[in-house]
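Chemist: Provided below: input.cif, containing mmCIF, C-alpha atoms.
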```
data_work
#
loop_
_atom_site.label_atom_id
_atom_site.label_comp_id
_atom_site.auth_asym_id
_atom_site.auth_seq_id
_atom_site.Cartn_x
_atom_site.Cartn_y
_atom_site.Cartn_z
CA MET A 247 -36.27 19.70 29.14
CA GLN A 248 -32.65 19.21 30.24
CA LEU A 249 -32.71 15.58 29.04
CA LYS A 250 -33.93 16.67 25.61
CA ARG A 251 -31.20 19.31 25.38
CA ASN A 252 -28.53 16.75 26.31
CA SER A 253 -29.83 14.29 23.71
CA GLU A 254 -29.32 16.91 21.00
CA ILE A 255 -25.61 17.30 21.80
CA THR A 256 -23.03 15.18 19.97
CA GLU A 257 -19.55 14.65 21.40
CA LEU A 258 -16.66 14.74 18.93
CA ASN A 259 -13.34 13.51 20.30
CA ILE A 260 -10.34 14.98 18.49
CA THR A 261 -6.71 13.93 18.92
CA ALA A 262 -4.03 15.92 17.13
CA LEU A 263 -0.41 16.97 17.09
CA ASP A 264 0.64 19.82 19.37
CA LEU A 265 1.36 21.83 16.20
CA ILE A 266 -2.27 21.46 15.09
CA ASN A 267 -3.93 22.11 18.43
CA SER A 268 -1.76 25.01 19.58
CA LEU A 269 -0.94 26.83 16.34
CA VAL A 270 -2.90 25.76 13.26
CA PHE A 271 -6.42 25.04 14.53
CA SER A 272 -6.60 27.21 17.66
CA GLY A 273 -8.82 29.76 15.90
CA VAL A 274 -10.85 27.04 14.17
CA TYR A 275 -11.69 25.42 17.50
CA LYS A 276 -12.81 28.71 19.09
CA GLU A 277 -15.00 29.65 16.13
CA PHE A 278 -16.49 26.14 15.85
CA ILE A 279 -17.47 26.07 19.52
CA LYS A 280 -19.37 29.34 19.08
CA THR A 281 -21.15 28.38 15.85
CA HIS A 282 -21.92 24.73 16.67
CA PRO A 283 -23.15 24.54 20.28
CA ASP A 284 -24.74 21.17 19.45
CA ILE A 285 -21.30 19.56 18.96
CA LEU A 286 -19.20 19.21 22.09
CA LEU A 287 -15.49 19.05 21.28
CA THR A 288 -13.06 17.06 23.39
CA ILE A 289 -9.52 17.88 22.24
CA GLY A 290 -6.41 15.89 23.13
CA THR A 291 -2.76 16.13 22.09
CA GLN A 292 -0.65 13.14 21.05
CA HIS A 293 2.18 12.19 18.73
CA SER A 294 1.02 10.65 15.46
CA SER A 295 2.03 7.11 16.42
CA LYS A 296 -0.08 7.34 19.59
CA THR A 297 -3.13 8.71 17.79
CA TYR A 298 -3.72 5.71 15.51
CA PRO A 299 -4.46 3.25 18.36
CA LEU A 300 -6.92 5.76 19.85
CA ILE A 301 -8.80 5.87 16.55
CA GLU A 302 -8.66 2.08 16.15
CA GLN A 303 -10.02 1.56 19.68
CA ARG A 304 -12.70 4.23 19.08
CA VAL A 305 -11.41 6.30 21.98
CA SER A 306 -11.07 9.20 19.56
CA ASP A 307 -13.30 9.99 16.57
CA ILE A 308 -10.91 12.04 14.46
CA GLY A 309 -7.14 12.47 14.39
CA PHE A 310 -4.76 14.91 12.73
CA VAL A 311 -1.34 13.35 12.19
CA SER A 312 1.85 13.82 10.18
CA GLY A 313 2.75 10.17 9.60
CA LYS A 314 1.14 7.15 7.95
CA TYR A 315 0.93 3.93 9.96
CA ASN A 316 -0.62 0.60 9.03
CA PHE A 317 -3.82 0.16 11.03
CA PRO A 318 -6.38 -1.72 8.88
CA SER A 319 -9.40 -0.22 10.63
CA VAL A 320 -8.14 3.36 10.31
CA HIS A 321 -8.97 5.40 7.21
CA ILE A 322 -6.22 7.88 6.21
CA THR A 323 -6.83 10.94 4.03
CA PRO A 324 -4.25 13.64 3.17
CA LEU A 325 -5.54 16.98 4.46
CA TYR A 326 -2.99 19.59 3.40
CA SER A 327 0.67 20.14 2.61
CA GLU A 328 2.93 23.06 3.43
CA LYS A 329 6.37 24.20 2.30
CA MET A 330 9.34 24.15 4.66
CA VAL A 331 11.32 27.39 5.06
CA PHE A 332 14.40 28.78 6.79
CA LEU A 333 13.60 30.86 9.89
CA TYR A 334 16.34 33.21 11.09
CA HIS A 335 17.16 36.55 12.70
CA GLN A 336 17.32 39.59 10.42
CA GLN A 337 20.86 40.22 11.73
CA HIS A 338 22.02 36.75 10.70
CA PRO A 339 24.52 36.77 7.78
CA PHE A 340 22.11 34.52 5.87
CA ALA A 341 19.59 37.38 5.79
CA VAL A 342 21.85 39.14 3.27
CA SER A 343 23.69 36.27 1.57
CA GLN A 344 20.81 33.77 1.27
CA ASN A 345 23.63 31.23 1.12
CA ALA A 346 22.92 28.07 3.13
CA GLN A 347 26.63 27.76 3.88
CA ASP A 348 26.13 30.64 6.31
CA LEU A 349 23.75 28.48 8.35
CA ASP A 350 25.92 26.81 10.97
CA VAL A 351 24.42 23.49 12.07
CA GLU A 352 25.76 24.07 15.57
CA ASN A 353 23.42 27.07 15.81
CA GLU A 354 20.36 25.23 14.51
CA ILE A 355 17.21 24.81 16.60
CA TYR A 356 16.32 21.43 15.11
CA LEU A 357 12.85 19.94 14.72
CA ASP A 358 12.48 16.38 13.40
CA TRP A 359 9.53 16.90 11.06
CA SER A 360 9.52 13.48 9.40
CA ARG A 361 11.72 10.64 8.17
CA GLU A 362 11.83 12.27 4.72
CA PHE A 363 12.87 15.57 6.26
CA ARG A 364 15.58 13.84 8.27
CA LEU A 365 17.03 12.20 5.15
CA TRP A 366 17.01 15.52 3.30
CA HIS A 367 18.64 17.31 6.24
CA ASN A 368 21.44 14.75 6.41
CA GLN A 369 22.21 15.39 2.74
CA TYR A 370 21.89 19.17 2.90
CA PHE A 371 23.84 19.72 6.15
CA ASP A 372 26.74 18.04 7.94
CA PHE A 373 25.02 15.38 10.06
CA THR A 374 28.24 14.64 12.01
CA ARG A 375 28.06 17.99 13.80
CA HIS A 376 25.93 18.61 16.87
CA LYS A 377 22.93 20.90 16.63
CA LYS A 378 22.30 23.65 19.17
CA VAL A 379 19.24 21.86 20.52
CA THR A 380 16.63 19.38 19.27
CA LEU A 381 13.02 20.11 20.22
CA GLY A 382 10.23 17.56 20.53
CA THR A 383 7.51 20.02 19.54
CA VAL A 384 7.43 23.21 17.50
CA VAL A 385 5.41 24.90 20.25
CA MET A 386 8.68 25.13 22.23
CA LEU A 387 10.45 27.04 19.45
CA PRO A 388 9.55 30.59 20.59
CA ASN A 389 11.35 29.85 23.88
CA PHE A 390 14.64 29.18 22.06
CA ILE A 391 14.73 31.15 18.80
CA GLY A 392 15.60 34.85 18.82
CA GLU A 393 19.36 35.20 19.23
CA PRO A 394 20.98 36.60 16.04
CA GLU A 395 23.07 33.49 15.35
CA LEU A 396 20.23 30.96 15.74
CA TRP A 397 18.05 29.55 12.98
CA SER A 398 15.59 26.75 12.29
CA ILE A 399 13.63 24.99 9.54
CA VAL A 400 9.86 25.15 9.96
CA THR A 401 6.68 25.17 7.91
CA GLU A 402 5.74 28.49 6.34
CA GLY A 403 2.71 28.75 8.60
CA VAL A 404 4.83 28.30 11.72
CA ALA A 405 7.30 30.90 10.42
CA LYS A 406 4.51 33.46 9.94
CA TYR A 407 3.12 32.69 13.40
CA ILE A 408 6.49 33.17 15.11
CA ILE A 409 7.46 36.28 13.11
CA ASP A 410 4.17 37.84 14.18
CA LYS A 411 5.40 37.51 17.76
CA PHE A 412 9.07 38.20 17.03
CA PRO A 413 9.23 40.74 14.16
CA GLU A 414 13.03 40.75 14.25
CA LEU A 415 12.91 37.30 12.62
CA ALA A 416 12.42 36.53 8.93
CA PHE A 417 11.98 33.50 6.69
CA SER A 418 13.13 32.44 3.23
CA HIS A 419 12.09 29.65 0.92
CA ILE A 420 14.60 26.85 0.39
CA SER A 421 16.12 26.57 -3.10
CA ALA A 422 16.45 22.78 -2.91
CA PRO A 423 13.67 22.12 -0.41
CA PRO A 424 12.76 19.03 1.58
CA PRO A 425 9.43 17.32 0.85
CA GLU A 426 6.47 19.44 1.89
CA HIS A 427 5.08 18.74 5.34
CA VAL A 428 1.83 16.77 5.01
CA ILE A 429 -0.94 16.58 7.59
CA TYR A 430 -3.40 13.67 7.37
CA VAL A 431 -6.86 13.31 8.85
CA ILE A 432 -7.72 9.86 10.17
CA LYS A 433 -10.92 8.22 11.41
CA HIS A 434 -12.25 4.74 12.04
CA ARG A 435 -13.44 3.06 8.84
CA PHE A 436 -16.77 2.29 10.49
CA LEU A 437 -17.40 5.61 12.21
CA ASP A 438 -21.15 6.10 11.97
CA GLY A 439 -24.24 7.78 13.38
CA LYS A 440 -24.03 11.13 15.13
CA ALA A 441 -20.24 10.96 15.41
CA LEU A 442 -19.89 10.60 11.63
CA ARG A 443 -22.22 13.54 11.02
CA ALA A 444 -20.27 15.67 13.49
CA TYR A 445 -17.05 14.58 11.78
CA HIS A 446 -18.29 15.85 8.41
CA VAL A 447 -19.45 19.16 9.90
CA PHE A 448 -16.08 19.74 11.54
CA ILE A 449 -14.06 18.67 8.49
CA ALA A 450 -16.09 21.04 6.32
CA ARG A 451 -14.99 23.92 8.55
CA VAL A 452 -11.38 22.72 8.51
CA VAL A 453 -11.38 22.50 4.70
CA GLU A 454 -12.80 26.01 4.50
CA PHE A 455 -10.03 27.26 6.79
CA ILE A 456 -7.23 25.49 4.91
CA SER A 457 -8.56 26.83 1.61
CA SER A 458 -8.32 30.38 2.98
CA THR A 459 -4.58 30.14 3.78
CA PRO A 460 -2.56 30.63 0.57
CA TYR A 461 0.61 29.03 1.96
CA ARG A 462 -1.15 25.69 2.53
CA THR A 463 -2.20 23.35 -0.29
CA LEU A 464 -5.51 21.58 0.31
CA LEU A 465 -5.25 17.86 -0.44
CA TYR A 466 -8.48 16.64 1.13
CA ARG A 467 -10.89 14.64 -0.98
CA GLN A 468 -14.02 13.31 0.72
CA ALA A 469 -14.20 9.53 0.58
#
```
Just dump the structure as structure tokens.
Modeler:
Amino acid sequence: MQLKRNSEITELNITALDLINSLVFSGVYKEFIKTHPDILLTIGTQHSSKTYPLIEQRVSDIGFVSGKYNFPSVHITPLYSEKMVFLYHQQHPFAVSQNAQDLDVENEIYLDWSREFRLWHNQYFDFTRHKKVTLGTVVMLPNFIGEPELWSIVTEGVAKYIIDKFPELAFSHISAPPPEHVIYVIKHRFLDGKALRAYHVFIARVVEFISSTPYRTLLYRQA
């Protein structure tokens, strides 16, 4: 009986950015585990560049990344995009002026979202001045943001998440914004069998979730 039960379970190995695992999909994972006991999730966290080799080597079945890399055996599909916004304290002068000149780079909690974001930032702000701190992951941001003079640039979803925990903060859309932050879903081109079926079941739930959040634009098109 136990052998039969085990044979009915499919393992789905997921590797994703810390942003995805800790903030965006945390609720999706919990709900999926409850509603799909026949699919056993194994969830790992990696930077985008480290996720592609795991997919290519079939160590992981599905990846959620923010960059595109050239791995011939890896199929890349845009999943969703999201606007970038200013995140700041309600006592910051910018809260009233909405003038970016009031945002001092030396008080910025900086996150390097992408090459395109970096190029935009260097045009929009004085790149010769030192930032307050540069973080390797957005999950660290709540530990640093909060003082009235500090500010950051994050996705709208991250801003809403942090403001929910720190209601003294606020966010504003950027008048001349950087490119939207894009998340891609990747898998091996020859993923098949039970893993492929589990992939489609999980992606269907992800698409449903993304579609329900008005500040994210669904880009996914099934191949």
Chemist: Using CA of Lys406 in chain A and CA of Met386 in chain A as the two end points, give the distance in Å to one decimal.
Modeler: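 Straight-line distance from CA of Lys406 in chain A to CA of Met386 in chain A works out to 15.4 Å.
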Chemist: Would you list the contacts of Leu258 in chain A as a PyMOL selection string, taking every protein, DNA or RNA residue within 7 Å and counting all atoms listed in the file, but skipping same-chain residues closer than 2 positions in sequence?
Modeler: chain A and resi 256+260+285-288+307+441+444
Chemist: Give me the result of the PyMOL selection byres ((chain A and resi 405) around 12) on this file, residue by residue, as a PyMOL selection string.
Modeler: chain A and resi 269-270+328-335+384-385+387-388+391+397-404+406-413+415-419+461
Chemist: Store the residues picked out above in a file with C-alpha atoms, as a tab-separated table (two decimals), keeping the file's coordinate frame.
Modeler:
```
chain	number	residue	atom	x	y	z
A	269	LEU	CA	-0.94	26.83	16.34
A	270	VAL	CA	-2.90	25.76	13.26
A	328	GLU	CA	2.93	23.06	3.43
A	329	LYS	CA	6.37	24.20	2.30
A	330	MET	CA	9.34	24.15	4.66
A	331	VAL	CA	11.32	27.39	5.06
A	332	PHE	CA	14.40	28.78	6.79
A	333	LEU	CA	13.60	30.86	9.89
A	334	TYR	CA	16.34	33.21	11.09
A	335	HIS	CA	17.16	36.55	12.70
A	384	VAL	CA	7.43	23.21	17.50
A	385	VAL	CA	5.41	24.90	20.25
A	387	LEU	CA	10.45	27.04	19.45
A	388	PRO	CA	9.55	30.59	20.59
A	391	ILE	CA	14.73	31.15	18.80
A	397	TRP	CA	18.05	29.55	12.98
A	398	SER	CA	15.59	26.75	12.29
A	399	ILE	CA	13.63	24.99	9.54
A	400	VAL	CA	9.86	25.15	9.96
A	401	THR	CA	6.68	25.17	7.91
A	402	GLU	CA	5.74	28.49	6.34
A	403	GLY	CA	2.71	28.75	8.60
A	404	VAL	CA	4.83	28.30	11.72
A	406	LYS	CA	4.51	33.46	9.94
A	407	TYR	CA	3.12	32.69	13.40
A	408	ILE	CA	6.49	33.17	15.11
A	409	ILE	CA	7.46	36.28	13.11
A	410	ASP	CA	4.17	37.84	14.18
A	411	LYS	CA	5.40	37.51	17.76
A	412	PHE	CA	9.07	38.20	17.03
A	413	PRO	CA	9.23	40.74	14.16
A	415	LEU	CA	12.91	37.30	12.62
A	416	ALA	CA	12.42	36.53	8.93
A	417	PHE	CA	11.98	33.50	6.69
A	418	SER	CA	13.13	32.44	3.23
A	419	HIS	CA	12.09	29.65	0.92
A	461	TYR	CA	0.61	29.03	1.96
```
Chemist: Name the closest residue to Gly392 in chain A among the candidates A:Thr463, A:Val342, A:Phe448, A:Glu414; distances are taken between atoms, counting all atoms listed in the file.
Modeler: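 Of A:Thr463, A:Val342, A:Phe448, A:Glu414, the one nearest Gly392 in chain A, counting all atoms listed in the file, is A:Glu414.
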Chemist: Nearest residue to Leu265 in chain A out of A:Gly382, A:Pro394, A:Gly439, A:Pro299, using only C-alpha atoms?
Modeler: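 Of A:Gly382, A:Pro394, A:Gly439, A:Pro299, the one nearest Leu265 in chain A is A:Gly382, counting only C-alpha atoms.
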Chemist: Compile the contact shell of range 310-321 of chain A as a PyMOL selection string: residues with an atom at most 10 Å away, counting all atoms listed in the file, same-chain residues fewer than 2 positions apart removed.
Modeler: chain A and resi 260-267+291-304+308+323-325+327+359-361+427-437+469
Chemist: Which distance in Å separates CA of Arg364 in chain A and CA of Glu395 in chain A, to one decimal?
Modeler: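 A separation of 22.2 Å between them.
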Chemist: Any idea what the distance is between CA of Gly273 in chain A and CA of Pro425 in chain A?
Modeler: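 Separating CA of Gly273 in chain A from CA of Pro425 in chain A is a distance of 26.7 Å.
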Chemist: Within 10 Å of Val351 in chain A, counting all atoms listed in the file, which residues show up once you throw out same-chain ones fewer than 4 positions away? Write them as a count of residues only, please.
Modeler: 14
Chemist: Which residues, named as in the file, does the PyMOL selection byres ((chain A and resi 274) around 10) pick out? Answer as a list of chain:residue names.
Modeler: A:Asn267, A:Val270, A:Phe271, A:Ser272, A:Gly273, A:Tyr275, A:Lys276, A:Glu277, A:Phe278, A:Ile279, A:Phe448, A:Arg451, A:Val452, A:Glu454, A:Phe455
Chemist: Would you pull range 360-455 of chain A out of the block just shown and save C-alpha atoms as an mmCIF file, in the first residue's frame?
Modeler:
```cif
data_model
loop_
_atom_site.group_PDB
_atom_site.id
_atom_site.type_symbol
_atom_site.label_atom_id
_atom_site.label_comp_id
_atom_site.auth_asym_id
_atom_site.auth_seq_id
_atom_site.Cartn_x
_atom_site.Cartn_y
_atom_site.Cartn_z
ATOM 1 C CA SER A 360 19.092 44.469 -13.551
ATOM 2 C CA ARG A 361 21.589 45.833 -16.057
ATOM 3 C CA GLU A 362 18.826 47.969 -17.587
ATOM 4 C CA PHE A 363 17.916 49.335 -14.169
ATOM 5 C CA ARG A 364 21.561 50.129 -13.453
ATOM 6 C CA LEU A 365 21.896 52.098 -16.700
ATOM 7 C CA TRP A 366 18.710 54.031 -15.950
ATOM 8 C CA HIS A 367 19.847 54.756 -12.385
ATOM 9 C CA ASN A 368 23.180 56.123 -13.589
ATOM 10 C CA GLN A 369 21.327 58.566 -15.848
ATOM 11 C CA TYR A 370 18.675 59.546 -13.311
ATOM 12 C CA PHE A 371 20.980 59.969 -10.282
ATOM 13 C CA ASP A 372 24.579 61.035 -9.685
ATOM 14 C CA PHE A 373 26.511 57.762 -10.011
ATOM 15 C CA THR A 374 29.722 59.357 -8.648
ATOM 16 C CA ARG A 375 28.244 59.601 -5.150
ATOM 17 C CA HIS A 376 28.209 56.725 -2.684
ATOM 18 C CA LYS A 377 24.913 55.127 -1.740
ATOM 19 C CA LYS A 378 23.974 54.475 1.884
ATOM 20 C CA VAL A 379 24.215 50.716 1.382
ATOM 21 C CA THR A 380 23.866 48.217 -1.464
ATOM 22 C CA LEU A 381 21.893 45.054 -0.704
ATOM 23 C CA GLY A 382 22.272 41.708 -2.442
ATOM 24 C CA THR A 383 18.639 40.725 -1.917
ATOM 25 C CA VAL A 384 15.410 42.638 -1.392
ATOM 26 C CA VAL A 385 14.552 40.368 1.540
ATOM 27 C CA MET A 386 17.149 42.318 3.556
ATOM 28 C CA LEU A 387 15.423 45.658 2.905
ATOM 29 C CA PRO A 388 13.101 45.655 5.966
ATOM 30 C CA ASN A 389 16.218 45.490 8.167
ATOM 31 C CA PHE A 390 17.533 48.776 6.747
ATOM 32 C CA ILE A 391 14.622 50.934 5.580
ATOM 33 C CA GLY A 392 12.595 52.940 8.094
ATOM 34 C CA GLU A 393 14.593 56.020 9.061
ATOM 35 C CA PRO A 394 12.929 59.229 7.758
ATOM 36 C CA GLU A 395 15.826 60.180 5.468
ATOM 37 C CA LEU A 396 16.193 56.762 3.797
ATOM 38 C CA TRP A 397 14.597 55.636 0.550
ATOM 39 C CA SER A 398 14.818 52.908 -2.077
ATOM 40 C CA ILE A 399 13.582 51.836 -5.513
ATOM 41 C CA VAL A 400 11.650 48.573 -5.536
ATOM 42 C CA THR A 401 8.897 46.807 -7.434
ATOM 43 C CA GLU A 402 5.359 47.857 -6.574
ATOM 44 C CA GLY A 403 4.666 44.450 -5.053
ATOM 45 C CA VAL A 404 7.677 44.729 -2.747
ATOM 46 C CA ALA A 405 6.597 48.248 -1.757
ATOM 47 C CA LYS A 406 3.122 47.018 -0.791
ATOM 48 C CA TYR A 407 4.612 44.110 1.159
ATOM 49 C CA ILE A 408 6.965 46.356 3.150
ATOM 50 C CA ILE A 409 4.382 49.097 3.767
ATOM 51 C CA ASP A 410 2.079 46.447 5.198
ATOM 52 C CA LYS A 411 4.755 45.815 7.829
ATOM 53 C CA PHE A 412 5.904 49.434 8.149
ATOM 54 C CA PRO A 413 2.838 51.680 7.659
ATOM 55 C CA GLU A 414 4.932 54.817 8.169
ATOM 56 C CA LEU A 415 6.389 54.204 4.696
ATOM 57 C CA ALA A 416 4.807 55.113 1.359
ATOM 58 C CA PHE A 417 5.498 54.651 -2.337
ATOM 59 C CA SER A 418 5.118 56.720 -5.497
ATOM 60 C CA HIS A 419 5.290 55.875 -9.167
ATOM 61 C CA ILE A 420 8.279 57.225 -11.082
ATOM 62 C CA SER A 421 7.546 59.881 -13.712
ATOM 63 C CA ALA A 422 10.390 58.760 -15.989
ATOM 64 C CA PRO A 423 10.580 55.141 -14.859
ATOM 65 C CA PRO A 424 13.180 52.453 -15.462
ATOM 66 C CA PRO A 425 12.177 49.395 -17.506
ATOM 67 C CA GLU A 426 9.663 47.218 -15.697
ATOM 68 C CA HIS A 427 11.107 44.342 -13.721
ATOM 69 C CA VAL A 428 10.519 41.088 -15.622
ATOM 70 C CA ILE A 429 10.437 37.602 -14.128
ATOM 71 C CA TYR A 430 10.974 34.637 -16.463
ATOM 72 C CA VAL A 431 10.089 30.988 -15.978
ATOM 73 C CA ILE A 432 12.627 28.502 -17.322
ATOM 74 C CA LYS A 433 12.623 24.736 -17.824
ATOM 75 C CA HIS A 434 14.579 22.139 -19.758
ATOM 76 C CA ARG A 435 13.476 21.934 -23.400
ATOM 77 C CA PHE A 436 13.020 18.183 -23.040
ATOM 78 C CA LEU A 437 11.297 18.078 -19.667
ATOM 79 C CA ASP A 438 8.814 15.221 -19.969
ATOM 80 C CA GLY A 439 6.713 12.631 -18.178
ATOM 81 C CA LYS A 440 5.428 13.221 -14.669
ATOM 82 C CA ALA A 441 7.724 16.203 -14.125
ATOM 83 C CA LEU A 442 6.274 17.995 -17.163
ATOM 84 C CA ARG A 443 2.726 17.333 -15.995
ATOM 85 C CA ALA A 444 3.569 18.645 -12.522
ATOM 86 C CA TYR A 445 5.187 21.683 -14.143
ATOM 87 C CA HIS A 446 1.974 22.535 -16.005
ATOM 88 C CA VAL A 447 -0.148 22.076 -12.876
ATOM 89 C CA PHE A 448 2.099 24.391 -10.868
ATOM 90 C CA ILE A 449 2.390 27.005 -13.625
ATOM 91 C CA ALA A 450 -1.400 27.075 -13.961
ATOM 92 C CA ARG A 451 -1.642 28.034 -10.286
ATOM 93 C CA VAL A 452 1.101 30.645 -10.675
ATOM 94 C CA VAL A 453 -0.651 32.200 -13.686
ATOM 95 C CA GLU A 454 -3.898 32.330 -11.726
ATOM 96 C CA PHE A 455 -2.103 34.092 -8.871
#
```
